[in-house]
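Novice: Structure file final-v4.cif, mmCIF, C-alpha atoms, is pasted below:
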```cif
data_entry
#
loop_
_atom_site.label_atom_id
_atom_site.label_comp_id
_atom_site.auth_asym_id
_atom_site.auth_seq_id
_atom_site.Cartn_x
_atom_site.Cartn_y
_atom_site.Cartn_z
CA MET G 238 0.00 0.00 0.00
CA LYS G 239 1.04 3.58 -0.57
CA SER G 240 0.32 6.78 1.33
CA VAL G 241 0.69 10.47 0.67
CA PHE G 242 0.79 13.02 3.48
CA HIS G 243 -0.40 16.56 2.79
CA LEU G 244 1.67 19.09 4.74
CA ILE G 245 0.00 22.50 4.56
CA THR G 246 -0.19 23.72 8.15
CA ASP G 247 2.14 26.55 9.14
CA ASP G 248 2.13 25.49 12.80
CA PRO G 249 5.56 24.05 13.74
CA ASP G 250 4.06 21.66 16.30
CA GLU G 251 1.56 20.33 13.77
CA GLN G 252 4.35 20.00 11.18
CA GLN G 253 6.37 17.96 13.68
CA THR G 254 3.34 15.77 14.39
CA ALA G 255 2.85 15.20 10.66
CA LEU G 256 6.45 14.06 10.19
CA THR G 257 6.24 11.80 13.26
CA ILE G 258 3.05 10.21 11.94
CA ALA G 259 4.71 9.56 8.56
CA LYS G 260 7.65 7.93 10.34
CA ASN G 261 5.35 5.85 12.54
CA LEU G 262 3.56 4.58 9.44
CA THR G 263 6.77 3.08 8.11
CA GLU G 264 7.22 1.30 11.45
CA ASP G 265 3.69 -0.15 11.62
CA ASP G 266 4.18 -3.86 10.95
CA SER G 267 0.44 -4.48 10.68
CA VAL G 268 0.29 -2.83 7.26
CA GLU G 269 2.54 -3.42 4.25
CA ILE G 270 3.68 0.01 3.08
CA ASP G 271 5.47 0.22 -0.29
CA ASP G 272 5.82 3.97 -0.61
CA VAL G 273 5.34 7.10 1.50
CA VAL G 274 5.38 10.59 0.01
CA VAL G 275 5.04 13.94 1.78
CA VAL G 276 3.74 16.81 -0.37
CA ALA G 277 4.20 20.29 1.10
CA GLN G 278 2.66 23.55 0.05
CA ALA G 279 1.79 26.99 1.48
CA GLY G 280 2.86 27.29 5.13
CA GLY G 281 3.80 23.61 5.19
CA ILE G 282 6.93 24.24 3.13
CA GLU G 283 9.04 25.40 6.09
CA PRO G 284 10.51 22.00 7.13
CA PHE G 285 11.50 21.42 3.48
CA THR G 286 13.80 24.47 3.45
CA ALA G 287 17.48 23.85 4.20
CA ASP G 288 17.55 25.96 7.37
CA GLY G 289 13.88 25.57 8.25
CA GLU G 290 12.55 24.34 11.57
CA GLY G 291 11.99 20.61 11.15
CA SER G 292 14.48 20.23 8.29
CA ASP G 293 16.63 17.78 10.28
CA GLU G 294 13.62 15.50 10.63
CA VAL G 295 13.06 15.73 6.85
CA ARG G 296 16.72 14.76 6.23
CA SER G 297 16.35 11.82 8.58
CA LEU G 298 13.16 10.58 6.90
CA LEU G 299 14.71 10.98 3.42
CA GLU G 300 17.38 8.51 4.54
CA GLU G 301 14.63 6.09 5.53
CA GLY G 302 13.18 6.19 2.02
CA ILE G 303 10.31 8.65 2.41
CA SER G 304 9.96 11.03 -0.57
CA PHE G 305 9.40 14.77 -0.20
CA ARG G 306 7.85 16.94 -2.90
CA ALA G 307 7.50 20.71 -2.77
CA CYS G 308 4.77 22.68 -4.55
CA GLY G 309 6.31 24.82 -7.30
CA ASN G 310 3.65 27.52 -6.92
CA THR G 311 4.56 27.87 -3.26
CA LEU G 312 8.26 28.19 -4.06
CA GLU G 313 7.49 30.96 -6.56
CA LEU G 314 5.21 32.76 -4.11
CA LYS G 315 7.83 32.64 -1.37
CA ASP G 316 10.74 33.48 -3.69
CA LEU G 317 12.41 30.16 -2.98
CA GLU G 318 14.67 28.25 -5.37
CA GLU G 319 15.19 24.49 -5.41
CA THR G 320 18.65 25.21 -4.01
CA ASP G 321 17.01 26.63 -0.89
CA LEU G 322 15.49 23.24 -0.13
CA VAL G 323 16.87 20.26 1.75
CA ASP G 324 18.96 18.11 -0.60
CA GLY G 325 16.81 15.35 -2.02
CA VAL G 326 13.49 17.22 -1.88
CA GLU G 327 11.86 17.19 -5.32
CA THR G 328 9.73 19.94 -6.86
CA VAL G 329 6.35 19.41 -8.55
CA PRO G 330 4.37 21.97 -10.58
CA SER G 331 1.54 22.17 -8.05
CA GLY G 332 0.83 20.48 -4.75
CA ALA G 333 -2.81 19.79 -5.64
CA GLY G 334 -1.80 18.31 -8.99
CA GLU G 335 0.61 15.91 -7.30
CA LEU G 336 -1.98 14.95 -4.66
CA THR G 337 -4.51 14.24 -7.41
CA ARG G 338 -2.02 12.22 -9.46
CA LEU G 339 -0.93 10.10 -6.51
CA GLN G 340 -4.49 9.35 -5.35
CA ASN G 341 -5.28 8.28 -8.91
CA GLU G 342 -2.34 5.89 -8.63
CA GLY G 343 -3.90 4.38 -5.51
CA TYR G 344 -2.15 6.31 -2.77
CA ALA G 345 -4.15 6.79 0.41
CA TYR G 346 -4.39 10.47 1.42
CA ILE G 347 -3.63 11.60 4.96
CA ARG G 348 -3.86 15.21 6.06
CA PRO G 349 -2.35 15.64 9.55
CA MET P 91 -8.71 13.21 -13.32
CA LYS P 92 -11.08 14.84 -10.89
CA SER P 93 -10.55 16.54 -7.54
CA VAL P 94 -12.72 17.66 -4.68
CA PHE P 95 -11.59 20.30 -2.20
CA HIS P 96 -12.99 20.23 1.33
CA LEU P 97 -13.45 23.73 2.69
CA ILE P 98 -14.18 23.59 6.42
CA THR P 99 -11.76 26.02 8.03
CA ASP P 100 -13.23 29.27 9.39
CA ASP P 101 -9.91 31.09 8.97
CA PRO P 102 -10.20 33.67 6.13
CA ASP P 103 -6.52 33.32 5.19
CA GLU P 104 -6.80 29.53 4.99
CA GLN P 105 -10.02 29.88 2.97
CA GLN P 106 -8.19 32.16 0.52
CA THR P 107 -5.33 29.67 0.30
CA ALA P 108 -7.79 26.86 -0.43
CA LEU P 109 -9.39 28.79 -3.29
CA THR P 110 -5.97 29.72 -4.70
CA ILE P 111 -4.87 26.09 -4.61
CA ALA P 112 -8.04 25.04 -6.45
CA LYS P 113 -7.37 27.67 -9.09
CA ASN P 114 -3.72 26.63 -9.40
CA LEU P 115 -4.80 23.04 -9.98
CA THR P 116 -6.75 24.04 -13.06
CA GLU P 117 -3.62 25.78 -14.37
CA ASP P 118 -1.25 22.84 -13.78
CA ASP P 119 -0.51 21.54 -17.28
CA SER P 120 1.28 18.46 -15.92
CA VAL P 121 -2.01 16.86 -14.90
CA GLU P 122 -5.18 16.48 -16.95
CA ILE P 123 -8.02 17.75 -14.78
CA ASP P 124 -11.58 17.07 -15.95
CA ASP P 125 -13.51 18.40 -12.98
CA VAL P 126 -12.89 20.38 -9.81
CA VAL P 127 -15.48 20.68 -7.05
CA VAL P 128 -15.28 22.64 -3.80
CA VAL P 129 -17.52 21.38 -0.98
CA ALA P 130 -17.97 23.77 1.94
CA GLN P 131 -19.40 23.12 5.37
CA ALA P 132 -19.26 24.53 8.91
CA GLY P 133 -17.02 27.61 9.11
CA GLY P 134 -15.91 27.09 5.51
CA ILE P 135 -19.27 28.30 4.18
CA GLU P 136 -18.40 32.02 4.49
CA PRO P 137 -16.90 32.55 0.98
CA PHE P 138 -20.00 30.86 -0.50
CA THR P 139 -22.33 33.52 0.92
CA ALA P 140 -23.22 36.42 -1.37
CA ASP P 141 -21.62 39.10 0.81
CA GLY P 142 -19.03 36.86 2.44
CA GLU P 143 -15.31 37.49 2.52
CA GLY P 144 -13.88 35.60 -0.42
CA SER P 145 -17.15 35.51 -2.37
CA ASP P 146 -15.61 37.43 -5.29
CA GLU P 147 -13.00 34.71 -5.66
CA VAL P 148 -15.79 32.10 -5.68
CA ARG P 149 -17.60 34.04 -8.43
CA SER P 150 -14.40 34.20 -10.45
CA LEU P 151 -13.72 30.46 -10.10
CA LEU P 152 -17.34 29.61 -11.00
CA GLU P 153 -16.73 31.38 -14.31
CA GLU P 154 -13.67 29.19 -14.85
CA GLY P 155 -15.78 26.05 -14.50
CA ILE P 156 -15.13 25.04 -10.89
CA SER P 157 -18.28 23.78 -9.09
CA PHE P 158 -19.22 24.86 -5.58
CA ARG P 159 -21.49 22.85 -3.30
CA ALA P 160 -22.75 23.96 0.11
CA CYS P 161 -23.66 21.57 2.94
CA GLY P 162 -27.40 21.76 3.62
CA ASN P 163 -26.96 20.98 7.31
CA THR P 164 -24.64 23.96 7.63
CA LEU P 165 -27.14 26.25 5.92
CA GLU P 166 -29.84 25.12 8.33
CA LEU P 167 -27.58 25.56 11.34
CA LYS P 168 -26.62 29.07 10.26
CA ASP P 169 -30.15 30.05 9.20
CA LEU P 170 -29.04 30.57 5.62
CA GLU P 171 -31.20 30.11 2.53
CA GLU P 172 -29.96 29.18 -0.93
CA THR P 173 -30.77 32.76 -1.91
CA ASP P 174 -28.13 33.95 0.56
CA LEU P 175 -25.44 32.16 -1.45
CA VAL P 176 -23.41 33.28 -4.44
CA ASP P 177 -25.39 32.66 -7.65
CA GLY P 178 -24.35 29.31 -9.09
CA VAL P 179 -23.46 27.64 -5.79
CA GLU P 180 -25.37 24.37 -5.44
CA THR P 181 -26.70 22.84 -2.22
CA VAL P 182 -26.23 19.20 -1.17
CA PRO P 183 -27.93 17.41 1.74
CA SER P 184 -24.69 16.95 3.68
CA GLY P 185 -21.07 17.86 3.05
CA ALA P 186 -19.78 14.47 4.20
CA GLY P 187 -22.30 12.68 1.98
CA GLU P 188 -21.13 14.63 -1.06
CA LEU P 189 -17.45 14.02 -0.21
CA THR P 190 -18.14 10.29 0.12
CA ARG P 191 -20.10 10.18 -3.13
CA LEU P 192 -17.44 12.02 -5.12
CA GLN P 193 -14.57 9.91 -3.78
CA ASN P 194 -16.55 6.83 -4.75
CA GLU P 195 -16.77 8.29 -8.25
CA GLY P 196 -12.96 8.54 -8.33
CA TYR P 197 -12.41 12.13 -7.22
CA ALA P 198 -9.17 12.77 -5.36
CA TYR P 199 -9.75 14.45 -1.99
CA ILE P 200 -7.79 17.52 -0.96
CA ARG P 201 -8.26 19.24 2.38
CA PRO P 202 -6.39 22.59 2.42
CA MET H 122 -20.40 3.36 0.59
CA LYS H 123 -18.02 3.66 3.49
CA SER H 124 -16.34 6.64 5.11
CA VAL H 125 -13.51 7.18 7.55
CA PHE H 126 -13.16 10.39 9.54
CA HIS H 127 -9.70 11.49 10.66
CA LEU H 128 -9.84 13.17 14.07
CA ILE H 129 -6.50 14.84 14.80
CA THR H 130 -7.35 18.39 15.86
CA ASP H 131 -6.90 19.24 19.54
CA ASP H 132 -9.54 21.99 19.36
CA PRO H 133 -12.66 20.95 21.31
CA ASP H 134 -14.99 22.91 19.02
CA GLU H 135 -13.48 21.32 15.91
CA GLN H 136 -13.72 17.89 17.57
CA GLN H 137 -17.41 18.50 18.27
CA THR H 138 -17.92 19.59 14.66
CA ALA H 139 -16.20 16.42 13.43
CA LEU H 140 -18.49 14.19 15.50
CA THR H 141 -21.57 16.11 14.39
CA ILE H 142 -20.55 15.74 10.74
CA ALA H 143 -20.08 11.98 11.21
CA LYS H 144 -23.54 11.76 12.77
CA ASN H 145 -25.07 13.85 9.99
CA LEU H 146 -23.57 11.52 7.39
CA THR H 147 -25.48 8.57 8.84
CA GLU H 148 -28.68 10.63 8.57
CA ASP H 149 -28.15 11.71 4.93
CA ASP H 150 -30.72 9.67 2.99
CA SER H 151 -29.26 10.75 -0.37
CA VAL H 152 -26.25 8.45 0.06
CA GLU H 153 -26.22 4.79 1.08
CA ILE H 154 -23.69 4.49 3.89
CA ASP H 155 -22.68 0.98 4.97
CA ASP H 156 -19.97 1.84 7.49
CA VAL H 157 -18.57 4.88 9.27
CA VAL H 158 -15.30 4.78 11.21
CA VAL H 159 -13.63 7.55 13.20
CA VAL H 160 -9.85 7.21 13.64
CA ALA H 161 -8.30 9.46 16.30
CA GLN H 162 -4.69 10.29 16.93
CA ALA H 163 -2.54 13.00 18.51
CA GLY H 164 -4.68 15.79 20.03
CA GLY H 165 -7.81 14.23 18.54
CA ILE H 166 -7.78 11.41 21.09
CA GLU H 167 -9.44 13.49 23.85
CA PRO H 168 -13.10 12.63 23.09
CA PHE H 169 -12.13 8.92 23.03
CA THR H 170 -11.00 8.99 26.68
CA ALA H 171 -13.55 7.95 29.29
CA ASP H 172 -13.66 11.33 31.03
CA GLY H 173 -12.68 13.43 28.03
CA GLU H 174 -14.64 16.38 26.68
CA GLY H 175 -16.85 14.98 23.96
CA SER H 176 -16.83 11.41 25.29
CA ASP H 177 -20.61 11.40 25.77
CA GLU H 178 -21.03 12.15 22.06
CA VAL H 179 -18.68 9.23 21.26
CA ARG H 180 -20.79 6.92 23.47
CA SER H 181 -23.93 8.07 21.72
CA LEU H 182 -22.46 7.50 18.24
CA LEU H 183 -21.14 4.06 19.23
CA GLU H 184 -24.74 3.10 19.99
CA GLU H 185 -25.70 4.24 16.50
CA GLY H 186 -23.18 1.86 14.94
CA ILE H 187 -20.24 4.18 14.23
CA SER H 188 -16.84 2.58 15.00
CA PHE H 189 -14.07 4.38 16.87
CA ARG H 190 -10.40 3.45 16.61
CA ALA H 191 -7.59 4.98 18.64
CA CYS H 192 -3.97 5.22 17.45
CA GLY H 193 -1.75 2.99 19.60
CA ASN H 194 1.25 5.30 19.19
CA THR H 195 -0.80 8.16 20.59
CA LEU H 196 -1.89 6.10 23.59
CA GLU H 197 1.75 5.21 24.32
CA LEU H 198 2.87 8.82 23.94
CA LYS H 199 0.15 10.05 26.31
CA ASP H 200 0.57 7.18 28.78
CA LEU H 201 -2.97 6.00 28.19
CA GLU H 202 -4.20 2.42 28.49
CA GLU H 203 -7.12 0.91 26.62
CA THR H 204 -8.94 0.93 29.96
CA ASP H 205 -8.74 4.74 29.94
CA LEU H 206 -10.86 4.86 26.79
CA VAL H 207 -14.61 4.89 26.32
CA ASP H 208 -15.95 1.31 26.36
CA GLY H 209 -16.21 0.05 22.80
CA VAL H 210 -13.37 2.14 21.35
CA GLU H 211 -10.86 -0.14 19.60
CA THR H 212 -7.11 0.34 19.39
CA VAL H 213 -5.04 0.08 16.19
CA PRO H 214 -1.22 0.01 15.92
CA SER H 215 -1.04 3.37 14.15
CA GLY H 216 -3.60 5.91 12.99
CA ALA H 217 -1.92 6.38 9.61
CA GLY H 218 -1.77 2.62 9.07
CA GLU H 219 -5.49 2.29 9.72
CA LEU H 220 -6.31 5.26 7.46
CA THR H 221 -4.23 3.69 4.69
CA ARG H 222 -5.82 0.27 5.15
CA LEU H 223 -9.37 1.61 5.10
CA GLN H 224 -8.81 3.77 2.02
CA ASN H 225 -7.40 0.71 0.28
CA GLU H 226 -10.65 -1.05 1.17
CA GLY H 227 -12.59 1.73 -0.55
CA TYR H 228 -13.43 4.00 2.36
CA ALA H 229 -13.76 7.69 1.49
CA TYR H 230 -11.50 9.87 3.66
CA ILE H 231 -12.86 12.95 5.42
CA ARG H 232 -10.72 15.20 7.56
CA PRO H 233 -12.90 17.71 9.46
#
```
Represent the supplied structure as structure tokens.
Specialist:
Amino acid sequence: MKSVFHLITDDPDEQQTALTIAKNLTEDDSVEIDDVVVVAQAGGIEPFTADGEGSDEVRSLLEEGISFRACGNTLELKDLEETDLVDGVETVPSGAGELTRLQNEGYAYIRP
Amino acid sequence: MKSVFHLITDDPDEQQTALTIAKNLTEDDSVEIDDVVVVAQAGGIEPFTADGEGSDEVRSLLEEGISFRACGNTLELKDLEETDLVDGVETVPSGAGELTRLQNEGYAYIRP
Amino acid sequence: MKSVFHLITDDPDEQQTALTIAKNLTEDDSVEIDDVVVVAQAGGIEPFTADGEGSDEVRSLLEEGISFRACGNTLELKDLEETDLVDGVETVPSGAGELTRLQNEGYAYIRP
């Protein structure tokens, strides 16, 4: 099974909870998880930025095989370049487009 | 592909973000979008009301082909009539019923 | 059709709204609903605890056939035992695992 997490909250505590829940999913032996993706947009982009609060957790989860995708519209709005993001974070044209695409591919959607 | 946005937040900034994300989805050329629906309930109903904050954005998106559906339970709770809503907004018996129906028809769910 | 509600907010008003929306779904005659599940984790666990604010509403909805499942990671984090929960609430290893499993079984996802 596959899951996509939608990170849009600008609250640092809620962002931390979202990343913890994604990590916990990969450690839940009762469900066979093949892929976990986190899509961030709007205020949720902060942990994806290289110096952002929560970026160390993103780096750690990247090493565990979780994918991170940043909304291109959000980057433009916030004057961010891909080089401002944590190494390994991908960029997609729009967060909603990626969320639609992944759900069409069978990913379960989770919005912490 | 088809997407439904769930508008339930009573925060005007978050409501604006939700409408912007819906608009951005229709402009994302990397994904073929056939239909976009916004379902509002509880505090999220405000931009659907004729004089509500954000109603001009709703009018603009209606012209671009996005559908807007208001939860009938919410209207009843808030003593609102269909005539209090932006022209073109539809009413459904319950927001959760409509969200369930659309996901069963293959709509991806996005909760900004 | 089947629906799963994701209860994660720690705001008592939003929790109450979530439970009301779940109840309203079962009363929406325009959609045939076969099963409704509420999965709680993080701050959303409060109404699932025996003395928690909102627990009476959970008891009432249990009697109407709605299922309630608590995230085991959340219980551990908050030092809660199953005996601290409302009678009839089940425990699952992780909230995200259960949400993934149910969506794979065709449940629509609703995040109030």
Novice: Any chance you could tabulate, as JSON lines, the residues of chain H at most 10 Å from chain P with each one's nearest atom pair and distance in Å to one decimal, using only C-alpha atoms, in chain and rising number order?
Specialist:
```
{"residue": "H:Met122", "atom": "CA", "partner": "P:Thr190", "partner_atom": "CA", "distance": 7.3}
{"residue": "H:Lys123", "atom": "CA", "partner": "P:Thr190", "partner_atom": "CA", "distance": 7.4}
{"residue": "H:Ser124", "atom": "CA", "partner": "P:Thr190", "partner_atom": "CA", "distance": 6.4}
{"residue": "H:Val125", "atom": "CA", "partner": "P:Thr190", "partner_atom": "CA", "distance": 9.3}
{"residue": "H:Phe126", "atom": "CA", "partner": "P:Ala186", "partner_atom": "CA", "distance": 9.4}
{"residue": "H:Glu135", "atom": "CA", "partner": "P:Thr99", "partner_atom": "CA", "distance": 9.3}
{"residue": "H:Thr138", "atom": "CA", "partner": "P:Ala132", "partner_atom": "CA", "distance": 7.7}
{"residue": "H:Ala139", "atom": "CA", "partner": "P:Ala132", "partner_atom": "CA", "distance": 9.8}
{"residue": "H:Ile142", "atom": "CA", "partner": "P:Ala186", "partner_atom": "CA", "distance": 6.7}
{"residue": "H:Ala143", "atom": "CA", "partner": "P:Ala186", "partner_atom": "CA", "distance": 7.4}
{"residue": "H:Lys144", "atom": "CA", "partner": "P:Ala186", "partner_atom": "CA", "distance": 9.7}
{"residue": "H:Asn145", "atom": "CA", "partner": "P:Ser184", "partner_atom": "CA", "distance": 7.0}
{"residue": "H:Leu146", "atom": "CA", "partner": "P:Gly187", "partner_atom": "CA", "distance": 5.7}
{"residue": "H:Thr147", "atom": "CA", "partner": "P:Gly187", "partner_atom": "CA", "distance": 8.6}
{"residue": "H:Glu148", "atom": "CA", "partner": "P:Ser184", "partner_atom": "CA", "distance": 8.9}
{"residue": "H:Asp149", "atom": "CA", "partner": "P:Ser184", "partner_atom": "CA", "distance": 6.4}
{"residue": "H:Asp150", "atom": "CA", "partner": "P:Pro183", "partner_atom": "CA", "distance": 8.3}
{"residue": "H:Ser151", "atom": "CA", "partner": "P:Pro183", "partner_atom": "CA", "distance": 7.1}
{"residue": "H:Val152", "atom": "CA", "partner": "P:Gly187", "partner_atom": "CA", "distance": 6.1}
{"residue": "H:Glu153", "atom": "CA", "partner": "P:Gly187", "partner_atom": "CA", "distance": 8.9}
{"residue": "H:Ile154", "atom": "CA", "partner": "P:Gly187", "partner_atom": "CA", "distance": 8.5}
{"residue": "H:Gly227", "atom": "CA", "partner": "P:Asn194", "partner_atom": "CA", "distance": 7.7}
{"residue": "H:Tyr228", "atom": "CA", "partner": "P:Thr190", "partner_atom": "CA", "distance": 8.2}
{"residue": "H:Ala229", "atom": "CA", "partner": "P:Thr190", "partner_atom": "CA", "distance": 5.3}
{"residue": "H:Tyr230", "atom": "CA", "partner": "P:Tyr199", "partner_atom": "CA", "distance": 7.5}
{"residue": "H:Ile231", "atom": "CA", "partner": "P:Ala186", "partner_atom": "CA", "distance": 7.2}
{"residue": "H:Arg232", "atom": "CA", "partner": "P:Arg201", "partner_atom": "CA", "distance": 7.0}
{"residue": "H:Pro233", "atom": "CA", "partner": "P:Ile98", "partner_atom": "CA", "distance": 6.7}
```
Novice: Can you pull out the residues contacting Thr286 in chain G? Cut-off 6 Å, using all atoms listed in the file, and skip same-chain residues under 3 positions away; I want them as a ChimeraX atom specification.
Specialist: /G:283,289,321-323
Novice: So how far away is CA of Glu195 in chain P from CA of Asp272 in chain G, in Å?
Specialist: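 Computed distance, CA of Asp272 in chain G to CA of Glu195 in chain P, equals 24.2 Å.
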Novice: Find the residues around Ala287 in chain G up to 12 Å (all atoms listed in the file counted), leave out those fewer than 4 positions away in its own chain, and share them as number ranges by chain.
Specialist: G: 282-283, 291-296, 317-326
Novice: Between CA of Gly281 in chain G and CA of Ala160 in chain P, measure the distance and give it in Å to one decimal.
Specialist: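 For CA of Gly281 in chain G relative to CA of Ala160 in chain P, the distance reads 27.0 Å.
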Novice: Compile the contact shell of Ser188 in chain H as a list in words: residues with an atom at most 9 Å away, counting all atoms listed in the file, same-chain residues fewer than 5 positions apart removed.
Specialist: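 Using all atoms listed in the file, the neighbours found are Asp156, Val157, Val158, Val159, Val160, Leu182, Leu183, Gly209, Val210 and Glu211 of chain H.
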Novice: If I take CA of Asp288 in chain G and CA of Gln106 in chain P, how far is one from the other in Å, to one decimal?
Specialist: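 Taking CA of Asp288 in chain G and CA of Gln106 in chain P, their separation equals 27.3 Å.
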